[in-house]
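Undergrad: If it helps, the file is called run_0.tsv and holds TSV, C-alpha atoms:
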```
chain	number	residue	atom	x	y	z
A	278	MET	CA	19.73	101.13	206.07
A	279	SER	CA	18.42	104.54	205.12
A	280	ASN	CA	16.59	106.59	207.74
A	281	SER	CA	13.91	107.68	205.31
A	282	GLY	CA	10.27	107.05	206.15
A	283	PHE	CA	9.86	105.37	202.78
A	284	THR	CA	12.38	102.67	203.69
A	285	PHE	CA	10.42	101.80	206.80
A	286	ARG	CA	6.92	102.09	205.30
A	287	ARG	CA	6.27	98.37	204.86
A	288	VAL	CA	7.43	97.38	208.35
A	289	ARG	CA	5.43	100.24	209.86
A	290	GLU	CA	2.32	98.93	208.10
A	291	GLU	CA	3.08	95.44	209.40
A	292	MET	CA	3.37	96.84	212.92
A	293	ILE	CA	-0.10	98.38	212.65
A	294	GLU	CA	-1.50	95.05	211.43
A	295	THR	CA	0.12	93.36	214.43
A	296	LEU	CA	-1.51	95.85	216.80
A	297	LEU	CA	-4.88	95.18	215.22
A	298	ASP	CA	-4.34	91.43	215.61
A	299	LEU	CA	-3.44	91.97	219.29
A	300	GLY	CA	-6.73	93.74	219.95
A	301	ILE	CA	-5.99	97.46	219.62
A	302	LYS	CA	-9.30	98.76	218.28
A	303	ASP	CA	-9.15	102.55	218.57
A	304	PHE	CA	-8.28	103.82	215.11
A	305	ARG	CA	-7.28	107.20	216.57
A	306	VAL	CA	-4.45	105.44	218.39
A	307	LEU	CA	-3.47	103.35	215.37
A	308	ASP	CA	-3.44	106.48	213.22
A	309	ALA	CA	-1.15	108.33	215.66
A	310	ILE	CA	1.24	105.38	215.89
A	311	SER	CA	1.35	105.07	212.11
A	312	GLN	CA	2.46	108.71	211.87
A	313	VAL	CA	5.30	108.56	214.40
A	314	PRO	CA	8.53	107.04	213.01
A	315	ARG	CA	9.70	104.81	215.88
A	316	HIS	CA	13.15	104.30	214.34
A	317	ILE	CA	14.28	107.87	215.03
A	318	PHE	CA	14.00	107.20	218.78
A	319	LEU	CA	16.61	104.45	218.62
A	320	ASP	CA	20.35	104.29	218.12
A	321	GLU	CA	21.45	103.46	214.58
A	322	ALA	CA	22.35	99.85	215.47
A	323	LEU	CA	18.77	99.07	216.54
A	324	ARG	CA	16.83	100.91	213.86
A	325	SER	CA	16.31	97.85	211.70
A	326	ARG	CA	14.30	96.36	214.60
A	327	ALA	CA	12.31	99.51	215.37
A	328	TYR	CA	8.96	98.17	214.16
A	329	GLU	CA	9.10	94.81	215.88
A	330	ASN	CA	6.64	94.44	218.73
A	331	ARG	CA	9.29	94.42	221.42
A	332	SER	CA	10.90	96.78	223.91
A	333	LEU	CA	14.39	97.93	222.97
A	334	THR	CA	17.20	99.54	224.92
A	335	ILE	CA	17.66	103.32	224.82
A	336	GLY	CA	20.67	103.31	227.14
A	337	TYR	CA	20.92	104.16	230.84
A	338	LYS	CA	19.29	100.77	231.64
A	339	GLN	CA	16.03	102.08	230.17
A	340	THR	CA	13.87	100.84	227.30
A	341	ILE	CA	11.43	102.12	224.71
A	342	SER	CA	8.20	100.22	225.36
A	343	GLN	CA	6.92	97.72	222.82
A	344	PRO	CA	4.41	99.25	220.39
A	345	TYR	CA	1.54	97.17	221.78
A	346	ILE	CA	2.02	98.56	225.30
A	347	VAL	CA	2.27	102.14	224.02
A	348	ALA	CA	-0.92	101.61	222.03
A	349	LYS	CA	-2.75	99.89	224.90
A	350	MET	CA	-1.88	102.55	227.47
A	351	THR	CA	-2.87	105.33	225.08
A	352	GLU	CA	-6.12	103.54	224.21
A	353	LEU	CA	-6.98	103.14	227.89
A	354	LEU	CA	-6.20	106.80	228.60
A	355	ILE	CA	-8.56	108.14	225.90
A	356	SER	CA	-11.22	105.38	225.87
A	357	HIS	CA	-13.90	107.57	227.51
A	358	THR	CA	-13.60	110.15	224.72
A	359	LYS	CA	-15.12	109.85	221.27
A	360	SER	CA	-14.01	112.77	219.12
A	361	ARG	CA	-10.90	112.93	216.97
A	362	GLY	CA	-7.96	115.24	217.46
A	363	LYS	CA	-6.87	116.78	220.74
A	364	VAL	CA	-9.45	115.43	223.19
A	365	PHE	CA	-7.57	116.75	226.28
A	366	GLU	CA	-6.13	120.07	227.39
A	367	ASN	CA	-3.39	118.72	229.66
A	368	ILE	CA	-1.74	115.32	230.09
A	369	LEU	CA	1.01	114.44	232.54
A	370	GLU	CA	3.53	111.78	231.51
A	371	LEU	CA	5.93	110.29	234.05
A	372	GLY	CA	9.03	108.51	232.79
A	373	SER	CA	9.16	109.92	229.26
A	374	GLY	CA	12.38	108.09	228.32
A	375	CYS	CA	13.38	108.88	224.73
A	376	GLY	CA	10.07	110.63	223.99
A	377	TYR	CA	8.27	108.02	221.86
A	378	GLN	CA	5.19	107.73	224.08
A	379	SER	CA	5.27	111.52	224.46
A	380	ALA	CA	5.07	111.90	220.68
A	381	ILE	CA	1.99	109.65	220.55
A	382	LEU	CA	0.32	111.57	223.40
A	383	SER	CA	0.95	114.85	221.55
A	384	PHE	CA	-1.79	113.87	219.09
A	385	PHE	CA	-4.40	113.78	221.85
A	386	SER	CA	-3.69	116.75	224.12
A	387	GLU	CA	-3.15	120.46	223.63
A	388	LYS	CA	-0.22	120.15	226.02
A	389	VAL	CA	1.79	117.27	227.46
A	390	ASP	CA	3.93	117.78	230.56
A	391	ALA	CA	6.56	115.03	230.46
A	392	ILE	CA	8.88	114.33	233.41
A	393	GLU	CA	12.03	112.22	233.16
A	394	ARG	CA	14.52	111.60	235.99
A	395	ILE	CA	17.55	110.77	233.80
A	396	LYS	CA	19.03	114.01	232.48
A	397	PRO	CA	20.55	112.77	229.18
A	398	LEU	CA	17.20	111.22	228.21
A	399	VAL	CA	15.48	114.59	228.69
A	400	GLN	CA	17.84	116.09	226.13
A	401	LYS	CA	17.40	113.11	223.80
A	402	SER	CA	13.60	113.47	224.01
A	403	LYS	CA	13.76	117.16	223.15
A	404	GLU	CA	15.95	116.44	220.13
A	405	ASN	CA	13.71	113.60	218.91
A	406	LEU	CA	10.50	115.65	219.06
A	407	SER	CA	12.22	118.65	217.52
A	408	LYS	CA	13.01	116.46	214.48
A	409	LEU	CA	9.30	115.67	214.20
A	410	LYS	CA	8.32	119.34	214.70
A	411	ILE	CA	6.19	118.40	217.73
A	412	SER	CA	6.04	121.49	219.92
A	413	ASN	CA	3.25	120.79	222.44
A	414	VAL	CA	5.30	118.52	224.72
A	415	ILE	CA	7.24	120.18	227.55
A	416	PHE	CA	10.02	117.96	228.90
A	417	LYS	CA	11.17	118.46	232.47
A	418	TYR	CA	14.15	116.95	234.27
A	419	GLY	CA	12.60	115.89	237.55
A	420	ASP	CA	11.41	113.33	240.07
A	421	GLY	CA	8.18	111.65	238.96
A	422	TYR	CA	7.05	111.30	242.55
A	423	GLN	CA	6.94	115.02	243.25
A	424	ASP	CA	8.17	117.41	240.54
A	425	TRP	CA	4.84	118.06	238.85
A	426	ASP	CA	2.74	121.20	238.96
A	427	LYS	CA	0.68	120.80	242.13
A	428	GLU	CA	-1.68	123.61	241.11
A	429	LYS	CA	-2.71	122.02	237.82
A	430	LYS	CA	-5.51	119.52	237.14
A	431	TYR	CA	-4.79	116.99	234.43
A	432	ASP	CA	-7.18	115.28	232.01
A	433	GLY	CA	-5.04	112.16	232.20
A	434	ILE	CA	-1.77	110.82	233.63
A	435	LEU	CA	0.32	108.10	232.02
A	436	CYS	CA	3.25	106.54	233.83
A	437	ALA	CA	5.90	104.47	232.02
A	438	ALA	CA	7.67	103.11	235.10
A	439	ALA	CA	6.32	100.82	237.80
A	440	PRO	CA	5.96	101.76	241.46
A	441	ARG	CA	5.06	98.99	243.91
A	442	GLN	CA	1.87	100.92	244.63
A	443	TYR	CA	0.58	103.90	242.72
A	444	PRO	CA	1.15	107.22	244.52
A	445	ASN	CA	-2.14	108.57	245.88
A	446	ASP	CA	-0.85	112.10	245.29
A	447	LEU	CA	-1.32	111.51	241.56
A	448	ILE	CA	-5.06	111.02	242.00
A	449	GLU	CA	-5.32	114.52	243.47
A	450	LEU	CA	-3.86	115.91	240.23
A	451	LEU	CA	-6.68	114.43	238.14
A	452	GLY	CA	-9.83	116.22	237.12
A	453	ASN	CA	-13.15	114.42	237.48
A	454	ASP	CA	-13.57	111.45	235.10
A	455	ALA	CA	-9.85	111.59	234.29
A	456	LYS	CA	-7.61	108.51	234.43
A	457	LEU	CA	-4.24	107.44	235.71
A	458	VAL	CA	-2.76	104.65	233.56
A	459	ILE	CA	0.14	103.04	235.41
A	460	PRO	CA	2.00	99.72	235.75
A	461	VAL	CA	2.09	98.58	239.39
A	462	GLY	CA	4.15	95.89	241.12
A	463	GLY	CA	7.62	94.49	241.64
A	464	SER	CA	8.74	91.29	239.92
A	465	SER	CA	5.10	90.77	238.91
A	466	GLN	CA	3.34	93.83	237.46
A	467	LYS	CA	-0.14	94.64	236.23
A	468	LEU	CA	-1.30	97.57	234.13
A	469	LYS	CA	-3.82	99.53	236.19
A	470	VAL	CA	-6.29	102.24	235.31
A	471	VAL	CA	-7.49	104.42	238.16
A	472	THR	CA	-10.43	106.67	237.25
A	473	LYS	CA	-11.24	109.62	239.47
A	474	ILE	CA	-15.03	109.81	239.62
A	475	ASN	CA	-14.99	112.78	242.00
A	476	ASP	CA	-13.07	113.95	245.07
A	477	GLU	CA	-14.53	111.13	247.17
A	478	GLU	CA	-14.65	108.24	244.72
A	479	ILE	CA	-12.24	106.40	242.46
A	480	LYS	CA	-12.57	103.29	240.30
A	481	GLU	CA	-9.73	100.82	239.74
A	482	ASP	CA	-9.42	98.40	236.82
A	483	GLU	CA	-6.65	95.91	236.10
A	484	PHE	CA	-5.44	94.87	232.66
A	485	ASP	CA	-2.41	93.16	231.11
A	486	GLU	CA	0.56	91.69	232.89
A	487	VAL	CA	3.46	93.99	232.03
A	488	SER	CA	7.17	94.44	232.64
A	489	PHE	CA	8.41	97.99	233.21
A	490	VAL	CA	11.53	99.41	234.81
A	491	PRO	CA	10.89	100.36	238.45
A	492	MET	CA	9.75	103.89	239.24
A	493	LEU	CA	12.59	105.42	241.25
A	494	ALA	CA	12.60	108.59	243.34
A	495	GLY	CA	15.07	111.38	242.84
A	496	LYS	CA	16.92	112.63	239.78
A	497	SER	CA	19.96	111.22	238.01
A	498	GLU	CA	22.62	113.16	236.13
A	499	ASP	CA	23.82	110.11	234.20
A	500	GLY	CA	21.52	107.14	234.94
A	501	ASN	CA	24.23	105.25	236.82
A	502	ASP	CA	22.11	104.92	239.96
A	503	VAL	CA	19.53	102.69	238.25
```
In structure tokens, write the structure found in this file.
TA:
Amino acid sequence: MSNSGFTFRRVREEMIETLLDLGIKDFRVLDAISQVPRHIFLDEALRSRAYENRSLTIGYKQTISQPYIVAKMTELLISHTKSRGKVFENILELGSGCGYQSAILSFFSEKVDAIERIKPLVQKSKENLSKLKISNVIFKYGDGYQDWDKEKKYDGILCAAAPRQYPNDLIELLGNDAKLVIPVGGSSQKLKVVTKINDEEIKEDEFDEVSFVPMLAGKSEDGNDV
């Protein structure tokens, strides 16, 4: 199968229709997803399945999330904004994997700080976004529990791995009215949105049942510790 966007156009359109059917309503999100070729984030053997609504392996016991989950998490992150384009200055992404979610987030923020604990995936992410000429995502090899900029306030945080409980330290990184979108749990997980109202008050909402890889501490040179 050719890697050209034209070859995949029909299945990409079908994917967008599926997302609409599943309840994704924010056309800003649908537009971003329609512009990012998901197949380039996958190994050649899996590219024919790139636009199915399913998670797929990216190696190192990690997966690229299904399009619905990527769309839903992005929709939740930006739902309190109304304008088009880059509605945020800074977003923090934890567990960037192969960079697909990072590419979607790049449409909505002037800058995305993306942290990934598996070193080869950091390199893969950089290569993938370079192909798409996306330059506002900064990938960092680091521990998602601690290797973020503690001096910075973020307009949103999105986490693509599941801790048993969300780290309270992440709330301190948020500006007022900003959100943390994160899967939480062990064998049973729920997608949570934690909104920081101000320094004394937060609001928690619970959404879909989800299935993410666990959020692990530390860094991995080769992913063999997963």
Undergrad: Restricting the calculation to all atoms listed in the file: of A:Asp390, A:Asp432, A:Asp482, A:Asp320, which residue gets closest to Ile355 (chain A)?
TA: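 When distances to Ile355 (chain A) are compared using all atoms listed in the file, the smallest one comes from A:Asp432.
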Undergrad: Nearest residue to Lys403 (chain A) out of A:Phe285, A:Phe385, A:Tyr377, A:Tyr337, using only C-alpha atoms?
TA: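 Counting only C-alpha atoms, the residue closest to Lys403 (chain A) is A:Tyr377.
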Undergrad: I'd like the contact shell of Ser407 (chain A) - 12 Å cut-off, all atoms listed in the file, skipping same-chain residues fewer than 5 positions apart - returned as an NGL selection string.
TA: :A and (317-318 or 376 or 380 or 400-402 or 412-416)
Undergrad: Store the residues of this selection in a file with C-alpha atoms, as a CSV table (one decimal), in the coordinates of the input.
TA:
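Below is the file part.csv, written as the result:
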```
chain,number,residue,atom,x,y,z
A,317,ILE,CA,14.3,107.9,215.0
A,318,PHE,CA,14.0,107.2,218.8
A,376,GLY,CA,10.1,110.6,224.0
A,380,ALA,CA,5.1,111.9,220.7
A,400,GLN,CA,17.8,116.1,226.1
A,401,LYS,CA,17.4,113.1,223.8
A,402,SER,CA,13.6,113.5,224.0
A,412,SER,CA,6.0,121.5,219.9
A,413,ASN,CA,3.2,120.8,222.4
A,414,VAL,CA,5.3,118.5,224.7
A,415,ILE,CA,7.2,120.2,227.6
A,416,PHE,CA,10.0,118.0,228.9
```
Undergrad: Kindly indicate which residue among A:Lys496, A:Arg289, A:Arg324, A:Arg315 lies nearest to Leu398 (chain A), using only C-alpha atoms for the distances.
TA: A:Lys496
Undergrad: Would you kindly return, as a PDB file with C-alpha atoms, in the coordinates of the input, each protein, DNA or RNA residue with an atom no farther than 7 Å from any atom of region 436-448 of chain A, considering all atoms listed in the file and excluding same-chain residues fewer than 4 positions away?
TA:
```pdb
ATOM      1  CA  GLU A 370       3.530 111.780 231.510  1.00  0.00           C
ATOM      2  CA  LEU A 371       5.930 110.290 234.050  1.00  0.00           C
ATOM      3  CA  GLY A 372       9.030 108.510 232.790  1.00  0.00           C
ATOM      4  CA  SER A 373       9.160 109.920 229.260  1.00  0.00           C
ATOM      5  CA  VAL A 458      -2.760 104.650 233.560  1.00  0.00           C
ATOM      6  CA  ILE A 459       0.140 103.040 235.410  1.00  0.00           C
ATOM      7  CA  PRO A 460       2.000  99.720 235.750  1.00  0.00           C
ATOM      8  CA  VAL A 461       2.090  98.580 239.390  1.00  0.00           C
ATOM      9  CA  GLY A 462       4.150  95.890 241.120  1.00  0.00           C
ATOM     10  CA  GLY A 463       7.620  94.490 241.640  1.00  0.00           C
ATOM     11  CA  LYS A 473     -11.240 109.620 239.470  1.00  0.00           C
ATOM     12  CA  PHE A 489       8.410  97.990 233.210  1.00  0.00           C
ATOM     13  CA  VAL A 490      11.530  99.410 234.810  1.00  0.00           C
ATOM     14  CA  PRO A 491      10.890 100.360 238.450  1.00  0.00           C
ATOM     15  CA  MET A 492       9.750 103.890 239.240  1.00  0.00           C
TER      16      MET A 492
END
```
